[in-house]
Amino acid sequence: MASGPTCLLDCPAYGLHDQAEIELARQRATAFCAARDWRLVVSPELSRPRGRGHWHSRPDAAGVERILAADIWWPARGGYGCLALADALRARDLQRLPLLIGYSDITVLHAVWRQHGRSSVYGPMPAAACTPGSLETLALALDGAPLRYDARSAVQVRPLHPGSCQGPCFAACLSVLAGLVGTPAMPQLAGCLLALEDIDERPYRVDRALWQLARAGCLDGVRGLVWGVMPHENPPGYAGESMTAVLQRWAGELAVPAIAGLDFGHSAEPCSLVNGRQSALRVTSTDWRFEQTAVKPLG
């Protein structure tokens with residue numbers, strides 16, 4: 001019997017599709033928790049499949065209590081519905097929050113954690129991309145090990161704008177973060193090294209989301225940009241800017257160091273980034289390095 005902290009495997013916003021997905025999530029979480037001596041607690045939400053496209057429009061009180069009682073909260077996947085859950089959590093006394101792990105729509109909850117000064121991990125989820133490599137970087141992040149990426153370890157990454165910066169990291173799904181503008185959940189990003197990724201968003205949609213954030217003042221004081229892979233398909237006959245051109249233009253407009261193509265979030269083998277951890281980005285025209293400093297273990 002594991003004697004360490006409790007880890008809640010949950011599906012708080014978007015139901016798992018079928019029994020096979022439920023079993024896969026449970027198996028992955030069970031193995032990872034056993035290796036860390038975590039006590040796995042499986043939410044009743046994983047007792048039956050919900051079918052594709054189902055989300056919870058209102059979180060139940062018992063589910064909120066399970067989240068706040070856990071030491072680690074590991075959603076099986078993200079999904080639309082996190083906004084309602086964020087409101088339910090913000091209505092509580094959040095002096096104690098579990099360590100949060102996840103990406104995509106979980107961005108909403110990372111934002112709430114940032115507002116309360118709590119670190120969280122923008123990392124893989126058991127029912128989504130969760131390869132051995134991604135779990136290895138998650139373990140390193142949780143152990144507090146330094147996380148380093150450079151032009152030799154991540155050859156697909158492209159330098160976009162030169163410069164050097166330091167600051168706490170905040171990683172997010174771009175379209176979800178833009179959707180928080182004007183809401184109580186929008187975090188302060190000034191002073192941050194901002195890591196943004198998304199999926200199925202065409203270049204003009206990415207541009208629109210960045211315009212929204214910028215004109216609302218949310219990008220004021222951002223010190224650096226780390227863009228993800230941004231997988232997408234342009235419409236037939238598309239003649240507009242490429243994704244790289246959009247990202248490079250915004251890096252230039254904000255006058256901050258920037259790279260594009262780091263594997264995190266919606267990627268085949270995503271690495272983990274720790275929100276709130278001090279990070280540094282150095283970029284030249286031909287080289288780059290991104291690192292997160294060593295800290296005490298998180299979980």
# chains A, B, ... in the order shown; residues from 1 in each chain; ligands from 1
call {"tool": "select_by_dssp", "arguments": {"residues": "range 8-172 of chain A", "states": "strand (DSSP E)", "output": "PyMOL selection string"}}
result
chain A and resi 8-10+39-42+72-75+99-102+120-122+147-150+158-161+163-172
call {"tool": "residues_around", "arguments": {"residues": "Met230 in chain A", "least_positions_apart": "2", "cutoff": "6 Å", "atoms": "only C-alpha atoms", "output": "CSV table (one decimal) with N, CA and C atoms, in the first residue's frame"}}
result
chain,number,residue,atom,x,y,z
A,197,GLU,N,0.9,27.4,-26.8
A,197,GLU,CA,0.7,26.4,-27.8
A,197,GLU,C,-0.8,26.2,-28.1
A,198,ASP,N,-1.1,25.5,-29.1
A,198,ASP,CA,-2.5,25.3,-29.5
A,198,ASP,C,-2.6,24.2,-30.5
A,199,ILE,N,-3.8,23.8,-30.9
A,199,ILE,CA,-4.0,22.8,-31.9
A,199,ILE,C,-5.2,23.2,-32.8
A,228,GLY,N,4.7,26.6,-29.0
A,228,GLY,CA,4.7,25.2,-29.2
A,228,GLY,C,4.7,24.8,-30.7
call {"tool": "closest_residue", "arguments": {"among": "A:Tyr204, A:Trp74, A:Trp250, A:Trp55", "to": "Ala25 in chain A", "atoms": "only C-alpha atoms"}}
result
A:Trp74
call {"tool": "closest_residue", "arguments": {"among": "A:Gly15, A:Gly163, A:Gly224, A:Gly102", "to": "Gly51 in chain A", "atoms": "only C-alpha atoms"}}
result
A:Gly15
call {"tool": "atom_distance", "arguments": {"atom1": "CA of Trp211 in chain A", "atom2": "CA of Leu177 in chain A"}}
result
12.3 Å
call {"tool": "closest_residue", "arguments": {"among": "A:Gly144, A:Thr183, A:Val206, A:Gly276", "to": "Val295 in chain A", "atoms": "only C-alpha atoms"}}
result
A:Gly144
call {"tool": "atom_distance", "arguments": {"atom1": "CA of Val157 in chain A", "atom2": "CA of Ala145 in chain A"}}
result
22.0 Å
call {"tool": "residues_around", "arguments": {"residues": "Pro146 in chain A", "least_positions_apart": "4", "cutoff": "7 Å", "atoms": "only C-alpha atoms", "output": "PDB file with N, CA and C atoms, in the first residue's frame"}}
result
ATOM      1  N   GLN A 292      14.630  25.745 -17.066  1.00  0.00           N
ATOM      2  CA  GLN A 292      13.914  26.013 -15.828  1.00  0.00           C
ATOM      3  C   GLN A 292      14.813  25.568 -14.688  1.00  0.00           C
ATOM      4  N   THR A 293      14.970  26.404 -13.672  1.00  0.00           N
ATOM      5  CA  THR A 293      15.929  26.149 -12.602  1.00  0.00           C
ATOM      6  C   THR A 293      15.483  24.990 -11.716  1.00  0.00           C
ATOM      7  N   ALA A 294      16.449  24.408 -11.021  1.00  0.00           N
ATOM      8  CA  ALA A 294      16.159  23.341 -10.066  1.00  0.00           C
ATOM      9  C   ALA A 294      15.458  23.917  -8.833  1.00  0.00           C
TER      10      ALA A 294
END
call {"tool": "closest_residue", "arguments": {"among": "A:Pro270, A:Pro12, A:Gly63, A:Pro187", "to": "His110 in chain A", "atoms": "only C-alpha atoms"}}
result
A:Pro187
call {"tool": "atom_distance", "arguments": {"atom1": "CA of Ala258 in chain A", "atom2": "CA of Gly217 in chain A"}}
result
19.2 Å
call {"tool": "closest_residue", "arguments": {"among": "A:Ala190, A:Leu219, A:Ala171, A:Val108", "to": "Asn275 in chain A", "atoms": "only C-alpha atoms"}}
result
A:Ala171
call {"tool": "residues_around", "arguments": {"residues": "Ser119 in chain A", "least_positions_apart": "6", "cutoff": "10 Å", "atoms": "only C-alpha atoms", "output": "PyMOL selection string"}}
result
chain A and resi 97-101+110+113+169-170+274-277+298
call {"tool": "closest_residue", "arguments": {"among": "A:Ala280, A:Ser272, A:Cys165, A:Pro44", "to": "Leu140 in chain A", "atoms": "only C-alpha atoms"}}
result
A:Ser272
